[in-house]
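Engineer: So that you have it, the file is query.txt, and it contains compact mmCIF, C-alpha atoms:
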# COMPACT_ATOMS: atom_id res chain seq x y z
CA MET A 4 -43.81 3.04 -3.34
CA MET A 5 -43.29 -0.55 -2.27
CA LEU A 6 -40.74 -0.88 -5.05
CA TYR A 7 -38.63 2.01 -3.74
CA TRP A 8 -38.81 0.62 -0.24
CA ASN A 9 -37.53 -2.71 -1.58
CA ILE A 10 -34.72 -0.96 -3.43
CA PHE A 11 -33.81 0.86 -0.25
CA VAL A 12 -33.72 -2.37 1.75
CA ALA A 13 -31.76 -4.22 -0.93
CA PHE A 14 -28.93 -1.69 -0.80
CA PHE A 15 -29.19 -0.63 2.82
CA ILE A 16 -28.31 -4.12 4.05
CA PRO A 17 -25.10 -4.50 1.97
CA GLY A 18 -24.23 -0.91 2.94
CA ILE A 19 -24.23 -1.60 6.66
CA LEU A 20 -23.00 -5.20 6.57
CA GLY A 21 -20.30 -4.82 3.90
CA TYR A 22 -17.16 -4.45 5.95
CA GLY A 23 -14.06 -3.78 3.91
CA GLY A 24 -15.37 -1.28 1.41
CA GLY A 25 -17.23 -1.75 -1.85
CA PRO A 26 -15.69 -5.04 -3.01
CA ALA A 27 -16.76 -6.72 0.23
CA SER A 28 -20.38 -5.78 -0.33
CA ILE A 29 -20.66 -7.32 -3.82
CA PRO A 30 -21.76 -10.80 -2.63
CA LEU A 31 -24.28 -9.14 -0.31
CA ILE A 32 -25.68 -7.08 -3.17
CA GLU A 33 -25.92 -10.22 -5.28
CA ASN A 34 -27.81 -11.94 -2.50
CA GLU A 35 -30.43 -9.17 -2.36
CA VAL A 36 -30.74 -8.37 -6.05
CA VAL A 37 -30.63 -11.89 -7.50
CA GLN A 38 -31.68 -14.29 -4.74
CA ARG A 39 -34.12 -12.28 -2.70
CA PHE A 40 -35.82 -9.83 -5.04
CA GLY A 41 -35.12 -11.60 -8.33
CA TRP A 42 -34.53 -8.35 -10.25
CA MET A 43 -31.74 -9.93 -12.28
CA SER A 44 -30.45 -13.32 -13.27
CA VAL A 45 -27.02 -14.46 -12.12
CA GLN A 46 -25.83 -13.99 -15.69
CA GLU A 47 -27.04 -10.39 -15.90
CA PHE A 48 -25.58 -9.61 -12.51
CA SER A 49 -22.17 -10.93 -13.49
CA GLU A 50 -22.21 -8.82 -16.67
CA VAL A 51 -23.00 -5.71 -14.68
CA LEU A 52 -20.23 -6.61 -12.27
CA ALA A 53 -17.74 -7.18 -15.09
CA LEU A 54 -18.47 -3.79 -16.59
CA SER A 55 -18.31 -2.14 -13.16
CA ASN A 56 -14.88 -3.62 -12.68
CA ALA A 57 -13.68 -2.25 -15.99
CA LEU A 58 -14.88 1.29 -15.34
CA PRO A 59 -13.31 3.77 -12.92
CA GLY A 60 -14.86 4.99 -9.68
CA PRO A 61 -16.20 3.27 -6.59
CA LEU A 62 -17.68 -0.16 -7.26
CA ALA A 63 -20.62 -0.50 -4.89
CA THR A 64 -22.22 2.81 -5.85
CA LYS A 65 -21.83 2.05 -9.55
CA MET A 66 -23.68 -1.23 -9.03
CA ALA A 67 -26.32 0.45 -6.88
CA GLY A 68 -26.82 3.27 -9.36
CA TYR A 69 -27.19 1.00 -12.34
CA ILE A 70 -29.37 -1.66 -10.72
CA GLY A 71 -31.53 0.99 -9.07
CA PHE A 72 -31.97 2.64 -12.46
CA GLU A 73 -32.93 -0.65 -14.16
CA VAL A 74 -35.45 -1.52 -11.50
CA GLY A 75 -36.97 1.88 -10.74
CA GLY A 76 -35.68 4.51 -13.16
CA ILE A 77 -33.93 7.65 -11.97
CA PRO A 78 -35.73 7.73 -8.58
CA GLY A 79 -34.70 4.09 -8.16
CA ALA A 80 -31.08 4.98 -8.85
CA ILE A 81 -31.18 7.79 -6.30
CA VAL A 82 -32.77 5.58 -3.64
CA ALA A 83 -30.24 2.79 -4.21
CA VAL A 84 -27.22 5.10 -4.04
CA PHE A 85 -28.60 6.85 -0.97
CA ALA A 86 -29.15 3.54 0.81
CA THR A 87 -25.61 2.43 -0.04
CA VAL A 88 -23.85 5.61 1.01
CA ALA A 89 -25.84 7.37 3.70
CA PRO A 90 -25.84 5.05 6.75
CA SER A 91 -22.10 4.63 7.15
CA LEU A 92 -21.37 8.20 6.06
CA ILE A 93 -23.61 9.64 8.76
CA LEU A 94 -21.93 7.43 11.34
CA MET A 95 -18.53 8.54 10.11
CA ILE A 96 -19.33 12.26 10.28
CA LEU A 97 -20.71 11.89 13.80
CA LEU A 98 -17.77 9.84 15.10
CA LEU A 99 -15.09 12.02 13.55
CA GLY A 100 -16.90 15.13 14.78
CA LEU A 101 -16.72 13.70 18.29
CA LEU A 102 -13.07 12.81 17.82
CA TYR A 103 -12.06 16.28 16.66
CA LYS A 104 -13.89 17.91 19.51
CA TYR A 105 -11.25 16.34 21.73
CA LYS A 106 -8.51 16.94 19.19
CA ASN A 107 -5.95 18.12 21.74
CA SER A 108 -6.55 15.35 24.21
CA PRO A 109 -3.52 13.05 24.50
CA LYS A 110 -5.84 10.09 23.97
CA VAL A 111 -6.84 11.27 20.54
CA LYS A 112 -3.24 12.09 19.64
CA ARG A 113 -2.29 8.59 20.70
CA LEU A 114 -5.07 7.19 18.57
CA THR A 115 -3.67 8.93 15.49
CA LEU A 116 -0.29 7.43 16.29
CA TYR A 117 -1.57 3.91 16.94
CA VAL A 118 -3.53 3.54 13.74
CA ARG A 119 -0.71 4.68 11.44
CA PRO A 120 1.11 1.33 11.14
CA VAL A 121 -2.22 -0.41 10.49
CA ILE A 122 -3.04 2.02 7.72
CA ALA A 123 0.43 1.49 6.27
CA ILE A 124 -0.03 -2.28 6.30
CA LEU A 125 -3.53 -2.08 4.83
CA LEU A 126 -2.34 0.15 2.01
CA GLY A 127 0.64 -2.12 1.46
CA MET A 128 -1.62 -5.16 1.21
CA MET A 129 -3.81 -3.34 -1.28
CA ALA A 130 -0.75 -2.41 -3.34
CA TRP A 131 0.36 -6.03 -3.26
CA ARG A 132 -3.08 -7.23 -4.42
CA PHE A 133 -3.01 -4.81 -7.33
CA PHE A 134 0.44 -6.10 -8.34
CA VAL A 135 -0.67 -9.74 -8.12
CA ASP A 136 -3.84 -9.08 -10.12
CA SER A 137 -1.77 -7.35 -12.73
CA TYR A 138 0.75 -10.21 -12.84
CA ASP A 139 -2.11 -12.69 -13.32
CA GLY A 140 -3.59 -10.55 -16.07
CA ILE A 141 -0.74 -9.24 -18.17
CA GLY A 142 2.33 -11.15 -17.00
CA ILE A 143 5.57 -10.22 -15.32
CA TRP A 144 7.24 -8.07 -17.99
CA GLN A 145 4.35 -5.74 -18.72
CA THR A 146 3.69 -5.45 -14.98
CA ALA A 147 7.33 -4.68 -14.19
CA PHE A 148 7.55 -2.16 -17.03
CA LEU A 149 4.40 -0.37 -15.91
CA ILE A 150 5.53 -0.32 -12.27
CA VAL A 151 8.90 1.21 -13.14
CA ALA A 152 7.48 3.67 -15.66
CA GLY A 153 4.67 4.59 -13.27
CA TYR A 154 7.05 5.13 -10.38
CA LEU A 155 9.42 7.30 -12.40
CA LEU A 156 6.63 9.47 -13.79
CA LEU A 157 4.76 9.86 -10.50
CA GLU A 158 7.60 10.24 -8.04
CA ARG A 159 10.62 11.45 -10.03
CA VAL A 160 9.11 13.56 -12.79
CA LYS A 161 6.13 14.41 -10.52
CA VAL A 162 3.48 14.13 -13.19
CA HIS A 163 -0.08 14.50 -11.83
CA PRO A 164 -1.59 11.00 -11.28
CA ALA A 165 -4.54 11.80 -13.54
CA PHE A 166 -2.22 12.25 -16.51
CA VAL A 167 -0.28 9.10 -15.67
CA ILE A 168 -3.50 7.09 -15.51
CA ALA A 169 -4.79 8.63 -18.73
CA GLY A 170 -1.48 7.77 -20.42
CA THR A 171 -1.62 4.23 -19.07
CA LEU A 172 -5.17 3.80 -20.40
CA VAL A 173 -4.00 4.79 -23.87
CA TYR A 174 -1.04 2.43 -23.61
CA GLY A 175 -3.33 -0.40 -22.47
CA GLY A 176 -5.89 0.30 -25.19
CA PHE A 177 -3.28 0.03 -27.94
CA VAL A 178 -0.74 -2.45 -26.63
CA LEU A 179 -2.57 -4.89 -24.37
CA MET B 10 -28.16 44.76 -6.61
CA VAL B 11 -24.96 44.18 -4.67
CA ASN B 12 -24.97 45.97 -1.39
CA ASN B 13 -22.37 44.19 0.71
CA GLU B 14 -18.96 43.49 -0.70
CA GLY B 15 -17.85 41.22 2.14
CA GLU B 16 -20.90 39.07 1.71
CA VAL B 17 -20.29 38.81 -1.98
CA ASN B 18 -16.68 37.75 -1.40
CA GLU B 19 -17.80 35.13 1.05
CA LYS B 20 -20.30 33.84 -1.44
CA LYS B 21 -17.60 33.75 -4.07
CA ASN B 22 -15.39 31.72 -1.74
CA ILE B 23 -18.13 29.25 -1.02
CA GLY B 24 -18.77 28.95 -4.72
CA LYS B 25 -15.07 28.40 -5.32
CA ASN B 26 -14.91 25.77 -2.60
CA GLN B 27 -17.83 23.94 -4.14
CA LEU B 28 -16.25 24.10 -7.57
CA ASN B 29 -12.93 22.81 -6.21
CA LEU B 30 -14.67 20.02 -4.32
CA PHE B 31 -16.51 19.03 -7.43
CA LEU B 32 -13.37 19.08 -9.60
CA ALA B 33 -11.28 17.19 -7.04
CA PHE B 34 -13.76 14.36 -6.62
CA PHE B 35 -14.72 14.32 -10.28
CA ARG B 36 -11.06 13.57 -11.08
CA VAL B 37 -11.00 10.92 -8.35
CA GLY B 38 -14.15 9.34 -9.78
CA ILE B 39 -13.01 9.10 -13.38
CA PHE B 40 -9.36 8.20 -12.72
CA GLY B 41 -9.79 5.88 -9.75
CA TYR B 42 -9.51 2.41 -11.21
CA GLY B 43 -9.90 -0.71 -9.12
CA GLY B 44 -12.94 0.40 -7.12
CA GLY B 45 -12.79 2.42 -3.91
CA PRO B 46 -9.34 1.25 -2.72
CA GLY B 47 -7.83 2.28 -6.06
CA SER B 48 -9.02 5.83 -5.54
CA ILE B 49 -7.47 6.30 -2.08
CA PRO B 50 -4.10 7.58 -3.41
CA LEU B 51 -5.94 9.99 -5.70
CA ILE B 52 -8.09 11.30 -2.86
CA HIS B 53 -4.93 11.74 -0.80
CA LYS B 54 -3.30 13.67 -3.65
CA GLU B 55 -6.25 16.02 -4.10
CA VAL B 56 -7.19 16.52 -0.48
CA VAL B 57 -3.79 16.70 1.21
CA ASP B 58 -1.33 17.84 -1.49
CA ASN B 59 -3.46 19.78 -3.92
CA TYR B 60 -6.10 21.63 -1.89
CA GLN B 61 -4.78 21.04 1.66
CA TRP B 62 -8.20 20.47 3.14
CA LEU B 63 -6.74 17.90 5.54
CA THR B 64 -3.29 17.28 6.99
CA ASP B 65 -1.59 13.92 6.51
CA GLU B 66 -2.41 13.00 10.12
CA GLU B 67 -6.08 13.82 9.71
CA PHE B 68 -6.21 11.86 6.48
CA GLY B 69 -4.79 8.88 8.33
CA ASP B 70 -7.43 9.16 11.06
CA VAL B 71 -10.23 9.49 8.53
CA LEU B 72 -8.95 6.51 6.58
CA ALA B 73 -8.64 4.42 9.74
CA LEU B 74 -12.14 5.18 10.91
CA GLY B 75 -13.49 4.73 7.39
CA ASN B 76 -11.99 1.27 7.42
CA THR B 77 -13.65 0.29 10.68
CA LEU B 78 -17.08 1.37 9.47
CA PRO B 79 -19.02 -0.66 6.93
CA GLY B 80 -19.93 0.47 3.43
CA PRO B 81 -18.00 1.72 0.41
CA ILE B 82 -14.81 3.58 1.31
CA ALA B 83 -14.50 6.13 -1.51
CA THR B 84 -17.92 7.69 -0.93
CA LYS B 85 -17.37 7.71 2.81
CA LEU B 86 -14.16 9.69 2.31
CA ALA B 87 -15.74 11.98 -0.29
CA GLY B 88 -18.79 12.63 1.87
CA TYR B 89 -16.81 13.28 5.01
CA ILE B 90 -14.29 15.59 3.34
CA GLY B 91 -17.04 17.44 1.48
CA HIS B 92 -18.83 17.90 4.78
CA ARG B 93 -15.67 19.22 6.46
CA VAL B 94 -14.97 21.70 3.68
CA SER B 95 -18.46 23.13 3.30
CA GLY B 96 -21.22 21.38 5.17
CA ILE B 97 -24.10 19.36 3.81
CA THR B 98 -23.92 20.99 0.38
CA GLY B 99 -20.25 20.11 0.14
CA MET B 100 -21.00 16.56 1.19
CA ILE B 101 -23.66 16.05 -1.48
CA ASN B 102 -21.52 17.82 -4.04
CA ALA B 103 -18.46 15.63 -3.41
CA ILE B 104 -20.47 12.40 -3.48
CA ILE B 105 -22.20 13.35 -6.71
CA ALA B 106 -18.86 14.29 -8.28
CA VAL B 107 -17.27 10.98 -7.35
CA ILE B 108 -20.08 8.65 -8.38
CA LEU B 109 -22.27 10.28 -11.01
CA PRO B 110 -19.91 10.31 -14.03
CA THR B 111 -19.31 6.57 -13.93
CA ILE B 112 -22.89 5.60 -13.07
CA PHE B 113 -23.94 7.60 -16.08
CA LEU B 114 -21.27 5.95 -18.23
CA MET B 115 -22.33 2.55 -17.02
CA ILE B 116 -26.03 3.08 -17.79
CA VAL B 117 -25.22 4.41 -21.26
CA LEU B 118 -22.86 1.53 -22.02
CA LEU B 119 -25.15 -1.22 -20.75
CA MET B 120 -28.09 0.25 -22.65
CA SER B 121 -26.20 0.59 -25.91
CA LEU B 122 -24.10 -2.55 -25.98
CA SER B 123 -25.78 -5.70 -27.17
CA SER B 124 -23.26 -7.85 -25.36
CA ILE B 125 -20.57 -7.34 -22.80
CA ARG B 126 -18.13 -8.93 -25.27
CA ASP B 127 -18.15 -5.75 -27.33
CA PHE B 128 -16.30 -4.27 -24.47
CA ASP B 129 -13.10 -6.28 -24.53
CA TRP B 130 -10.80 -3.42 -25.46
CA VAL B 131 -11.70 -1.65 -22.24
CA ASN B 132 -10.33 -4.61 -20.31
CA GLY B 133 -6.91 -4.04 -21.89
CA MET B 134 -6.99 -0.44 -20.75
CA THR B 135 -7.99 -1.37 -17.23
CA ALA B 136 -5.34 -4.08 -17.01
CA ALA B 137 -2.59 -1.55 -17.69
CA VAL B 138 -3.81 0.73 -14.91
CA LEU B 139 -3.61 -1.90 -12.13
CA PRO B 140 0.19 -1.84 -11.63
CA VAL B 141 0.23 1.97 -11.72
CA VAL B 142 -2.42 2.14 -9.01
CA GLY B 143 -0.30 -0.41 -7.15
CA VAL B 144 2.66 1.99 -7.32
CA MET B 145 0.54 4.84 -5.95
CA LEU B 146 -0.65 2.67 -3.08
CA ALA B 147 2.91 1.54 -2.38
CA VAL B 148 4.14 5.14 -2.23
CA LEU B 149 1.34 6.03 0.17
CA THR B 150 2.22 2.93 2.23
CA TRP B 151 5.78 4.15 2.57
CA GLN B 152 4.63 7.64 3.58
CA PHE B 153 2.45 6.27 6.37
CA PHE B 154 5.13 3.88 7.50
CA LYS B 155 7.68 6.68 7.64
CA LYS B 156 5.27 8.78 9.72
CA ALA B 157 4.67 5.85 12.05
CA GLY B 158 8.43 5.42 12.45
CA LYS B 159 8.99 9.09 13.22
CA GLY B 160 6.02 9.25 15.58
CA MET B 161 6.53 6.18 17.75
CA GLY B 162 10.10 5.17 16.97
CA TRP B 163 11.21 2.82 14.21
CA ILE B 164 11.49 -0.30 16.34
CA GLN B 165 7.99 0.00 17.73
CA ALA B 166 6.62 0.84 14.28
CA ILE B 167 8.28 -2.19 12.70
CA VAL B 168 7.20 -4.56 15.49
CA MET B 169 3.64 -3.24 15.40
CA SER B 170 3.45 -3.46 11.62
CA ALA B 171 4.76 -7.01 11.70
CA VAL B 172 2.18 -8.03 14.31
CA VAL B 173 -0.61 -6.38 12.35
CA LEU B 174 0.53 -8.03 9.13
CA VAL B 175 0.51 -11.47 10.75
CA LEU B 176 -2.93 -10.85 12.30
CA LEU B 177 -4.42 -9.71 9.02
CA GLU B 178 -2.74 -12.08 6.58
CA ALA B 179 -1.93 -15.25 8.49
CA VAL B 180 -4.63 -15.28 11.17
CA GLY B 181 -7.22 -13.61 8.93
CA VAL B 182 -8.55 -11.08 11.44
CA HIS B 183 -10.68 -8.41 9.84
CA PRO B 184 -8.89 -5.02 9.58
CA GLY B 185 -11.91 -3.27 11.05
CA ILE B 186 -11.51 -5.29 14.24
CA VAL B 187 -7.77 -4.56 14.51
CA ILE B 188 -8.37 -0.83 14.11
CA ALA B 189 -11.31 -0.88 16.52
CA VAL B 190 -9.17 -2.60 19.18
CA LEU B 191 -6.36 -0.09 18.69
CA ILE B 192 -8.76 2.84 18.91
CA ALA B 193 -10.20 1.40 22.11
CA ALA B 194 -6.69 0.89 23.50
CA ALA B 195 -5.71 4.46 22.68
CA LEU B 196 -8.82 5.90 24.31
CA LEU B 197 -8.96 3.67 27.38
CA LYS B 198 -5.30 3.57 28.35
CA PRO B 199 -4.80 5.83 31.40
CA ASP B 200 -2.82 9.00 30.80
CA LYS B 201 0.48 9.81 32.40
CA ASP B 202 -0.25 13.51 32.38
CA ARG B 203 -3.87 13.85 33.39
CA ALA B 204 -3.55 17.54 34.12
CA LYS B 205 -3.09 18.32 30.45
CA GLU B 206 -6.23 16.52 29.44
CA GLY B 207 -8.32 19.12 31.23
CA ASP B 208 -7.79 21.81 28.61
CA ARG B 209 -9.05 19.82 25.70
CA SER B 210 -11.59 22.23 24.26
Represent the structure from my file as structure tokens, please.
Structural biologist:
Amino acid sequence: MMLYWNIFVAFFIPGILGYGGGPASIPLIENEVVQRFGWMSVQEFSEVLALSNALPGPLATKMAGYIGFEVGGIPGAIVAVFATVAPSLILMILLLGLLYKYKNSPKVKRLTLYVRPVIAILLGMMAWRFFVDSYDGIGIWQTAFLIVAGYLLLERVKVHPAFVIAGTLVYGGFVL
Amino acid sequence: MVNNEGEVNEKKNIGKNQLNLFLAFFRVGIFGYGGGPGSIPLIHKEVVDNYQWLTDEEFGDVLALGNTLPGPIATKLAGYIGHRVSGITGMINAIIAVILPTIFLMIVLLMSLSSIRDFDWVNGMTAAVLPVVGVMLAVLTWQFFKKAGKGMGWIQAIVMSAVVLVLLEAVGVHPGIVIAVLIAAALLKPDKDRAKEGDRS
């Protein structure tokens, strides 16, 4: 029982302190899992992180699920994922519920308007980071080719993103 | 056994909603490379374009608030949208769909591989996906920027974006703080037309 409590604590803290989504909570998870509870060595943790990065899906929950499973089996995995996801999700549902109750209030309409440029900039910065990472990894020509091909398929031919990503994975597996 | 057709239809609809939620977030989970942020364009595609569970405006609000709150973004979006579409069951369903496939994959791979080095070919695959996800994010950026321009006027949108960009990139303010301040400003600023605010419910 103590073990599950520890797992809960180890993932609850990164979940509520990790501002900026999953990637921001990685160092916090490392702090709990490696430094505080000693469930893994730094080496093991970095291998888990490397594999997490290579696989699709949200990062923090993948880490939580795997580490929870290693430490405490399937119940451990469930506890770790719950601790990662639940606190901020509950807060979000409550706050948005409150917001939509006053949906027609000019204040809330103004809020929607005000946050739009910030969202645009945040998304733009993310896009930029993805381009830079790609440039660092596979160089300018492959990056440029994939950007152009991706844009044409997604926006001109209107192929569903899932197919474009699947196609890109095949391309990357064979060519890169 | 069936005595009420309406009830059966309703049940069918709920079942269909659950199935759609599962499929939508399952696709997001297995095609969203680059962690949570990489899956935002996919969530947008499924939730706004494909199933129309949220409007573009609502998606923007949800994304903004999700960014001000701590914790992983993809599961926050999945959980909230699942909850909106069909309550607690929908919430659990969407979260499971988005995280379970890859957690499972990860456990299987880490148990079966003797060393992470056996996994190099996957890195090539992932590397190719990054620029494509970048394109999706850039397209979504443009959509939000266009909306901002139409909503508040282009000049104000450009000035505001520039200020935000400087704050985030050059000054290094955390995005959560910028959004929180803007939300506070929107809610606290006195209204010109108070009379209208009365009929909010």
Engineer: Give me, as a VMD selection string, all polymer residues having an atom no more than 8 Å from A:Ala165, counting only C-alpha atoms and skipping those fewer than 4 positions away in the same chain.
Structural biologist: (chain A and resid 169) or (chain B and resid 36 40)
Engineer: B:Ala136: which residues within 8 Å, counting only C-alpha atoms, same-chain residues fewer than 3 positions away excluded, as an NGL selection string?
Structural biologist: (:A and (137 or 140-141 or 175 or 179)) or (:B and (132-133 or 139))
Engineer: Leaving out B:Ile108 and any residue of its chain fewer than 5 positions from it, which residues lie within 12 Å of it when counting only C-alpha atoms, given as a ChimeraX atom specification?
Structural biologist: /A:55,58-69,80-81,84-85,87-88 /B:31,34-41,44-45,48,81,83-85,87-88,101-103,113-115
Engineer: Point out the residue among A:Gly153, A:Gly170, A:Gly79, A:Gly71 with the least atom-to-atom distance to chain B, counting all atoms listed in the file.
Structural biologist: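 Ranking A:Gly153, A:Gly170, A:Gly79, A:Gly71 by distance to chain B, first place goes to A:Gly153.
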Engineer: Between B:Val94, B:Val168, B:Met134, B:Val71, which residue has the minimum interatomic distance to chain A, considering all atoms listed in the file?
Structural biologist: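 Between B:Val94, B:Val168, B:Met134, B:Val71, the residue approaching chain A most closely is B:Met134.
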Engineer: Env of B:Ala189: 10 Å cut, atoms = only C-alpha atoms, seq-sep filter 6 positions within chain, self excluded. Answer as a ChimeraX atom specification.
Structural biologist: /A:118 /B:73-74,76-78,195
Engineer: If you count only C-alpha atoms, which residues fall within 10 Å of stretch 171-186 of chain B, apart from same-chain ones fewer than 4 positions away, as an mmCIF file with C-alpha atoms, in the coordinates of the input?
Structural biologist:
data_model
loop_
_atom_site.group_PDB
_atom_site.id
_atom_site.type_symbol
_atom_site.label_atom_id
_atom_site.label_comp_id
_atom_site.auth_asym_id
_atom_site.auth_seq_id
_atom_site.Cartn_x
_atom_site.Cartn_y
_atom_site.Cartn_z
ATOM 1 C CA TYR A 22 -17.160 -4.450 5.950
ATOM 2 C CA GLY A 23 -14.060 -3.780 3.910
ATOM 3 C CA PRO A 120 1.110 1.330 11.140
ATOM 4 C CA VAL A 121 -2.220 -0.410 10.490
ATOM 5 C CA ILE A 122 -3.040 2.020 7.720
ATOM 6 C CA ALA A 123 0.430 1.490 6.270
ATOM 7 C CA ILE A 124 -0.030 -2.280 6.300
ATOM 8 C CA LEU A 125 -3.530 -2.080 4.830
ATOM 9 C CA GLY A 127 0.640 -2.120 1.460
ATOM 10 C CA MET A 128 -1.620 -5.160 1.210
ATOM 11 C CA ALA B 73 -8.640 4.420 9.740
ATOM 12 C CA LEU B 74 -12.140 5.180 10.910
ATOM 13 C CA GLY B 75 -13.490 4.730 7.390
ATOM 14 C CA ASN B 76 -11.990 1.270 7.420
ATOM 15 C CA THR B 77 -13.650 0.290 10.680
ATOM 16 C CA LEU B 78 -17.080 1.370 9.470
ATOM 17 C CA PRO B 79 -19.020 -0.660 6.930
ATOM 18 C CA GLN B 165 7.990 0.000 17.730
ATOM 19 C CA ALA B 166 6.620 0.840 14.280
ATOM 20 C CA ILE B 167 8.280 -2.190 12.700
ATOM 21 C CA VAL B 190 -9.170 -2.600 19.180
ATOM 22 C CA LEU B 191 -6.360 -0.090 18.690
ATOM 23 C CA ILE B 192 -8.760 2.840 18.910
#
Engineer: Put a box with edges along x, y and z around all the listed atoms of stretch 133-151 of chain A, pad it by 4 Å on each side, then give me its centre and sizes in Å, one decimal, as lines of an AutoDock Vina configuration file.
Structural biologist:
center_x = 2.5
center_y = -5.7
center_z = -13.0
size_x = 20.7
size_y = 21.9
size_z = 19.4
Engineer: Atom CA of B:Val138 and atom CA of A:Arg132, how far apart in Å?
Structural biologist: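 A separation of 13.2 Å between them.
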Engineer: Would you compute the distance between atom CA of B:Leu51 and atom CA of B:Lys156? Give it in Å to one decimal.
Structural biologist: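 According to the coordinates, atom CA of B:Leu51 and atom CA of B:Lys156 are separated by 19.1 Å.
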